[in-house]
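File shown: input.txt (compact mmCIF, C-alpha atoms).
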```
# COMPACT_ATOMS: atom_id res chain seq x y z
CA ALA I 1 -13.61 -13.43 15.49
CA GLN I 2 -14.57 -9.85 14.99
CA SER I 3 -16.05 -8.65 11.72
CA VAL I 4 -16.53 -5.29 10.05
CA SER I 5 -19.48 -4.67 7.75
CA GLN I 6 -19.74 -1.88 5.24
CA HIS I 7 -23.30 -1.76 4.02
CA ASN I 8 -22.80 -0.21 0.63
CA HIS I 9 -20.35 -1.73 -1.82
CA HIS I 10 -20.99 0.86 -4.54
CA VAL I 11 -22.32 4.37 -4.11
CA ILE I 12 -22.91 6.88 -6.90
CA LEU I 13 -23.64 10.50 -6.03
CA SER I 14 -23.72 13.82 -7.78
CA GLU I 15 -21.41 16.64 -6.76
CA ALA I 16 -22.65 18.62 -3.76
CA ALA I 17 -24.75 15.72 -2.50
CA SER I 18 -24.39 14.64 1.11
CA LEU I 19 -22.63 11.38 1.89
CA GLU I 20 -23.03 8.80 4.60
CA LEU I 21 -21.23 5.45 4.47
CA GLY I 22 -22.19 2.88 7.03
CA CYS I 23 -19.81 0.75 9.08
CA ASN I 24 -20.68 -1.73 11.81
CA TYR I 25 -18.40 -4.00 13.78
CA SER I 26 -19.01 -7.02 15.93
CA TYR I 27 -16.47 -6.77 18.77
CA GLY I 28 -17.94 -5.88 22.16
CA GLY I 29 -14.85 -4.61 23.94
CA THR I 30 -12.80 -1.44 23.61
CA VAL I 31 -11.94 -0.60 20.03
CA ASN I 32 -10.04 1.92 17.98
CA LEU I 33 -11.78 2.88 14.77
CA PHE I 34 -10.48 4.12 11.44
CA TRP I 35 -11.58 5.15 8.00
CA TYR I 36 -9.08 4.87 5.18
CA VAL I 37 -9.38 6.18 1.65
CA GLN I 38 -7.77 4.77 -1.46
CA TYR I 39 -7.77 7.04 -4.50
CA PRO I 40 -7.50 5.33 -7.91
CA GLY I 41 -4.07 3.78 -8.35
CA GLN I 42 -2.84 4.83 -4.92
CA HIS I 43 -2.25 3.25 -1.55
CA LEU I 44 -4.50 3.60 1.47
CA GLN I 45 -4.35 6.82 3.44
CA LEU I 46 -5.82 7.54 6.84
CA LEU I 47 -8.93 9.69 6.64
CA LEU I 48 -9.78 9.84 10.33
CA LYS I 49 -9.57 7.88 13.53
CA TYR I 50 -11.31 7.45 16.85
CA PHE I 51 -9.50 6.34 19.98
CA SER I 52 -11.53 7.89 22.81
CA GLY I 53 -13.31 11.07 23.88
CA ASP I 54 -15.70 13.00 21.66
CA PRO I 55 -17.49 10.41 19.53
CA LEU I 56 -17.73 12.85 16.62
CA VAL I 57 -14.35 13.00 14.96
CA LYS I 58 -13.24 15.18 12.10
CA GLY I 59 -10.76 14.13 9.50
CA ILE I 60 -9.15 15.51 6.41
CA LYS I 61 -10.96 16.98 3.41
CA GLY I 62 -14.16 17.77 5.31
CA PHE I 63 -14.96 14.21 6.35
CA GLU I 64 -16.29 13.32 9.77
CA ALA I 65 -17.43 10.17 11.50
CA GLU I 66 -19.57 9.42 14.52
CA PHE I 67 -18.92 6.55 16.91
CA ILE I 68 -22.14 5.18 18.39
CA LYS I 69 -21.11 2.55 20.89
CA SER I 70 -24.61 1.20 21.49
CA LYS I 71 -25.00 0.52 17.77
CA PHE I 72 -21.44 -0.70 17.20
CA SER I 73 -21.27 1.80 14.37
CA PHE I 74 -18.78 4.27 12.98
CA ASN I 75 -20.42 5.93 9.98
CA LEU I 76 -18.53 8.28 7.70
CA ARG I 77 -20.15 11.52 6.57
CA LYS I 78 -19.48 14.52 4.38
CA PRO I 79 -22.02 17.32 3.87
CA SER I 80 -21.12 18.10 0.27
CA VAL I 81 -19.02 15.76 -1.88
CA GLN I 82 -16.72 16.73 -4.70
CA TRP I 83 -15.67 14.92 -7.84
CA SER I 84 -12.23 14.42 -6.25
CA ASP I 85 -13.81 12.30 -3.52
CA THR I 86 -14.19 9.45 -5.99
CA ALA I 87 -12.30 6.63 -4.29
CA GLU I 88 -12.59 3.42 -2.32
CA TYR I 89 -13.31 3.83 1.39
CA PHE I 90 -12.43 1.27 4.02
CA CYS I 91 -13.59 1.08 7.60
CA ALA I 92 -11.21 -0.66 10.01
CA VAL I 93 -11.47 -1.70 13.61
CA ASN I 94 -8.68 -2.49 16.02
CA ARG I 95 -9.28 -4.32 19.24
CA TYR I 96 -7.47 -2.33 21.90
CA SER I 97 -5.40 -4.79 23.81
CA GLY I 98 -2.18 -2.88 24.12
CA GLY I 99 -1.12 -4.59 20.94
CA GLY I 100 -1.29 -3.31 17.42
CA ALA I 101 -1.96 -4.74 14.03
CA ASP I 102 -2.88 -8.18 15.28
CA GLY I 103 -6.39 -6.97 16.06
CA LEU I 104 -7.01 -4.86 12.97
CA THR I 105 -9.85 -5.93 10.71
CA PHE I 106 -10.93 -4.15 7.52
CA GLY I 107 -14.33 -3.98 5.94
CA LYS I 108 -14.66 -4.98 2.29
CA GLY I 109 -14.73 -1.38 1.14
CA THR I 110 -17.19 1.01 -0.49
CA HIS I 111 -16.51 2.23 -4.00
CA LEU I 112 -17.71 5.83 -4.20
CA ILE I 113 -18.21 7.50 -7.57
CA ILE I 114 -19.01 11.19 -7.73
CA GLN I 115 -20.55 12.38 -10.96
CA PRO I 116 -19.86 15.97 -12.08
CA GLU M 1 9.64 11.99 5.94
CA ALA M 2 7.80 9.10 7.57
CA GLN M 3 7.22 6.42 4.99
CA VAL M 4 6.89 2.76 4.12
CA THR M 5 8.63 1.62 0.96
CA GLN M 6 8.03 -1.53 -1.05
CA ASN M 7 9.88 -3.05 -3.93
CA PRO M 8 9.22 -3.94 -6.62
CA ARG M 9 6.10 -1.95 -7.46
CA TYR M 10 5.16 -4.27 -10.32
CA LEU M 11 6.18 -7.87 -10.88
CA ILE M 12 5.21 -10.45 -13.46
CA THR M 13 6.49 -13.95 -12.81
CA VAL M 14 5.73 -17.58 -13.60
CA THR M 15 4.33 -20.33 -11.44
CA GLY M 16 6.86 -21.83 -9.06
CA LYS M 17 9.57 -19.18 -9.33
CA LYS M 18 10.46 -17.96 -5.85
CA LEU M 19 10.16 -14.24 -5.24
CA THR M 20 10.58 -11.74 -2.44
CA VAL M 21 8.85 -8.41 -1.99
CA THR M 22 10.76 -6.09 0.30
CA CYS M 23 9.23 -3.67 2.79
CA SER M 24 10.96 -1.07 4.89
CA GLN M 25 9.74 1.60 7.33
CA ASN M 26 11.54 4.52 8.93
CA MET M 27 9.16 5.23 11.83
CA ASN M 28 10.70 2.78 14.31
CA HIS M 29 7.35 0.99 14.55
CA GLU M 30 7.33 -2.39 16.21
CA TYR M 31 4.28 -3.65 14.34
CA MET M 32 4.29 -4.45 10.67
CA SER M 33 1.84 -6.30 8.43
CA TRP M 34 1.30 -7.61 4.95
CA TYR M 35 -2.07 -7.42 3.23
CA ARG M 36 -3.41 -8.49 -0.09
CA GLN M 37 -6.18 -6.58 -1.80
CA ASP M 38 -8.54 -8.31 -4.20
CA PRO M 39 -11.68 -6.91 -5.86
CA GLY M 40 -14.75 -7.46 -3.72
CA LEU M 41 -12.74 -8.89 -0.84
CA GLY M 42 -11.16 -5.74 0.58
CA LEU M 43 -7.88 -6.06 2.43
CA ARG M 44 -6.96 -9.32 4.04
CA GLN M 45 -4.05 -9.68 6.39
CA ILE M 46 -1.44 -12.25 5.38
CA TYR M 47 1.09 -12.05 8.20
CA TYR M 48 1.97 -9.62 10.91
CA SER M 49 4.93 -9.02 13.17
CA MET M 50 4.85 -7.51 16.63
CA ASN M 51 8.59 -7.11 16.88
CA VAL M 52 11.92 -8.47 15.67
CA GLU M 53 11.80 -12.26 15.39
CA VAL M 54 8.09 -12.28 16.33
CA THR M 55 5.70 -13.07 13.49
CA ASP M 56 2.26 -14.61 13.29
CA LYS M 57 -0.31 -15.65 10.72
CA GLY M 58 -3.09 -13.37 9.61
CA ASP M 59 -6.24 -14.41 7.82
CA VAL M 60 -4.70 -15.76 4.59
CA PRO M 61 -1.15 -17.00 5.29
CA GLU M 62 -1.11 -20.06 3.02
CA GLY M 63 1.65 -19.88 0.38
CA TYR M 64 3.50 -17.02 2.04
CA LYS M 65 6.42 -16.63 4.40
CA VAL M 66 7.82 -13.63 6.22
CA SER M 67 10.84 -12.79 8.31
CA ARG M 68 11.65 -9.98 10.71
CA LYS M 69 15.36 -9.87 11.38
CA GLU M 70 15.48 -6.11 11.80
CA LYS M 71 12.86 -3.71 13.07
CA ARG M 72 12.69 -1.68 9.87
CA ASN M 73 12.38 -4.54 7.35
CA PHE M 74 9.62 -7.08 6.82
CA PRO M 75 10.00 -8.98 3.53
CA LEU M 76 7.25 -11.15 2.06
CA ILE M 77 8.40 -14.38 0.46
CA LEU M 78 6.51 -16.53 -2.01
CA GLU M 79 8.45 -19.80 -2.22
CA SER M 80 6.39 -21.25 -5.08
CA PRO M 81 3.97 -18.66 -6.43
CA SER M 82 0.71 -19.77 -8.01
CA PRO M 83 -1.79 -17.85 -10.17
CA ASN M 84 -4.20 -17.45 -7.25
CA GLN M 85 -1.58 -15.26 -5.61
CA THR M 86 -1.97 -12.68 -8.35
CA SER M 87 -3.01 -9.65 -6.35
CA LEU M 88 -2.13 -6.20 -5.07
CA TYR M 89 0.03 -6.39 -1.98
CA PHE M 90 0.45 -3.74 0.68
CA CYS M 91 2.93 -3.58 3.48
CA ALA M 92 2.05 -1.48 6.51
CA SER M 93 3.63 -0.44 9.76
CA SER M 94 1.49 0.35 12.73
CA SER M 95 1.53 2.72 15.65
CA PRO M 96 0.74 1.09 19.03
CA TYR M 97 -2.90 2.21 18.63
CA GLY M 98 -3.30 0.37 15.34
CA GLU M 99 -3.04 3.33 12.97
CA GLN M 100 -1.60 1.86 9.79
CA TYR M 101 0.87 3.52 7.47
CA PHE M 102 0.76 1.83 4.10
CA GLY M 103 3.38 1.36 1.45
CA PRO M 104 2.65 2.19 -2.21
CA GLY M 105 1.70 -1.39 -3.10
CA THR M 106 3.14 -4.16 -5.25
CA ARG M 107 1.08 -5.46 -8.13
CA LEU M 108 1.99 -9.11 -8.65
CA THR M 109 0.94 -11.22 -11.60
CA VAL M 110 1.71 -14.94 -11.57
CA LEU M 111 1.34 -16.62 -14.95
```
Represent the structure of the file as structure tokens.
Amino acid sequence: AQSVSQHNHHVILSEAASLELGCNYSYGGTVNLFWYVQYPGQHLQLLLKYFSGDPLVKGIKGFEAEFIKSKFSFNLRKPSVQWSDTAEYFCAVNRYSGGGADGLTFGKGTHLIIQP
Amino acid sequence: EAQVTQNPRYLITVTGKKLTVTCSQNMNHEYMSWYRQDPGLGLRQIYYSMNVEVTDKGDVPEGYKVSRKEKRNFPLILESPSPNQTSLYFCASSSPYGEQYFGPGTRLTVL
């Protein structure tokens, strides 16, 4: 079975600091990759996604992620975080088999706290 | 507006009392899923459905049932809820590439 590992369970940063959240997955075949964000008290929202093409993808609110196939990684980055980025971040991987949700696996999440 | 709706949003019940959480999507997606979210465990898939009348178990199906009689609806049924099913539940519908659209969540407490 595939697995998704998020290295940091809790991250605390000051405003304007740079952010990188790690995500590694175990499946060796073709994958679709996602980062979701969950703001306090809300449901999950898609931050960005990678299906194919340029391995550097840009999402909403200044976030980006880089797919490195050789490292099975899809790390999330933001050059300068804001207090409003305080949230839980989930990496998710879908095995591309022409199917859909049956192959989607989530990481355990990273709780990001931005201090003013 | 594309959306996934769930009801109820909050539910407090007692052990053994059957309950149903409804889920509906308006995006004509074939794939729908139920997840539970628990602190430190992330999201775990309970059941998923690839189309009408086609459902399958996810990672934590014990104690749950689902049905998919229509494409837009995917209710979650707890026949005999227990306290260990106290959790935050999310319904999601999925594009063919796996991009999930989540409902607002249902916070369930089983006493």
List as a Markdown table every residue of chain I that is in contact with chain M, defined as an atom at most 12 Å from one of its atoms (using all atoms listed in the file), together with the nearest atom pair and the distance in Å rounded to one decimal, sorted by chain and then rising number.
```
| residue | atom | partner | partner_atom | distance |
| --- | --- | --- | --- | --- |
| I:Ala1 | CA | M:Asp59 | CA | 10.7 |
| I:Gln2 | CA | M:Asp59 | CA | 11.9 |
| I:Ser3 | CA | M:Arg44 | CA | 11.9 |
| I:Val4 | CA | M:Gly42 | CA | 10.9 |
| I:Ser5 | CA | M:Gly42 | CA | 11.0 |
| I:Gln6 | CA | M:Gly42 | CA | 10.5 |
| I:Asn8 | CA | M:Gly40 | CA | 11.7 |
| I:His9 | CA | M:Gly40 | CA | 8.2 |
| I:His10 | CA | M:Gly40 | CA | 10.4 |
| I:Thr30 | CA | M:Tyr97 | CA | 11.7 |
| I:Val31 | CA | M:Tyr97 | CA | 9.6 |
| I:Asn32 | CA | M:Tyr97 | CA | 7.2 |
| I:Leu33 | CA | M:Gly98 | CA | 8.9 |
| I:Phe34 | CA | M:Glu99 | CA | 7.6 |
| I:Trp35 | CA | M:Glu99 | CA | 10.0 |
| I:Tyr36 | CA | M:Gln100 | CA | 9.3 |
| I:Val37 | CA | M:Phe102 | CA | 11.3 |
| I:Gln38 | CA | M:Phe102 | CA | 10.6 |
| I:Tyr39 | CA | M:Pro104 | CA | 11.7 |
| I:Gly41 | CA | M:Pro104 | CA | 9.2 |
| I:Gln42 | CA | M:Pro104 | CA | 6.7 |
| I:His43 | CA | M:Pro104 | CA | 5.1 |
| I:Leu44 | CA | M:Phe102 | CA | 6.1 |
| I:Gln45 | CA | M:Phe102 | CA | 7.2 |
| I:Leu46 | CA | M:Gln100 | CA | 7.7 |
| I:Leu47 | CA | M:Glu99 | CA | 10.7 |
| I:Leu48 | CA | M:Glu99 | CA | 9.7 |
| I:Lys49 | CA | M:Glu99 | CA | 8.0 |
| I:Tyr50 | CA | M:Glu99 | CA | 10.0 |
| I:Phe51 | CA | M:Tyr97 | CA | 7.9 |
| I:Ser52 | CA | M:Tyr97 | CA | 11.1 |
| I:Glu88 | CA | M:Gly42 | CA | 9.7 |
| I:Tyr89 | CA | M:Gly42 | CA | 9.8 |
| I:Phe90 | CA | M:Gly42 | CA | 7.9 |
| I:Cys91 | CA | M:Gly42 | CA | 10.1 |
| I:Ala92 | CA | M:Glu99 | CA | 9.6 |
| I:Val93 | CA | M:Gly98 | CA | 8.6 |
| I:Asn94 | CA | M:Gly98 | CA | 6.1 |
| I:Arg95 | CA | M:Gly98 | CA | 8.5 |
| I:Tyr96 | CA | M:Tyr97 | CA | 7.2 |
| I:Ser97 | CA | M:Tyr97 | CA | 9.1 |
| I:Gly98 | CA | M:Pro96 | CA | 7.1 |
| I:Gly99 | CA | M:Pro96 | CA | 6.3 |
| I:Gly100 | CA | M:Gly98 | CA | 4.7 |
| I:Ala101 | CA | M:Gly98 | CA | 5.4 |
| I:Asp102 | CA | M:Tyr48 | CA | 6.7 |
| I:Gly103 | CA | M:Gly98 | CA | 8.0 |
| I:Leu104 | CA | M:Gly98 | CA | 6.8 |
| I:Thr105 | CA | M:Arg44 | CA | 8.0 |
| I:Phe106 | CA | M:Leu43 | CA | 6.2 |
| I:Gly107 | CA | M:Gly42 | CA | 6.5 |
| I:Lys108 | CA | M:Gly42 | CA | 4.0 |
| I:Gly109 | CA | M:Gly42 | CA | 5.7 |
| I:Thr110 | CA | M:Gly42 | CA | 9.1 |
| I:His111 | CA | M:Gly40 | CA | 9.9 |
```
Checklist entry - What does the distance between CA of Leu13 in chain I and CA of Trp83 in chain I come to in Å, to one decimal place? => result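 So the answer is 9.3 Å.
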Next on the checklist: So the first atom is CA of Lys69 in chain M and the second is CA of Val52 in chain M; what is the distance between them in Å, to one decimal place?
Outcome noted: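 According to the coordinates, CA of Lys69 in chain M and CA of Val52 in chain M are separated by 5.7 Å.
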Item to check | Gap from CA of Asn24 in chain I to CA of Lys71 in chain I - Å, one decimal | outcome: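 CA of Lys71 in chain I lies 7.7 Å from CA of Asn24 in chain I.
Each of M:Asn84, M:Thr15, M:Asn28, M:Thr20 was checked against Ala2 in chain M using all atoms listed in the file; the smallest atom-to-atom distance is that of M:Asn28.
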Item to check | Nearest candidate to Leu108 in chain M (options M:Ser67, M:Asn73, M:Asn7, M:Ser24; using only C-alpha atoms) | outcome: M:Asn7
Next on the checklist: Given only C-alpha atoms as the basis, pick out the residue of M:Thr5, M:Thr109, M:Thr86, M:Asn26 nearest to Lys71 in chain M.
Outcome noted: M:Asn26
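Nearest to Glu15 in chain I of all the residues I:Ile113, I:Ala87, I:Leu56, I:Ala65 is I:Ile113, counting only C-alpha atoms.
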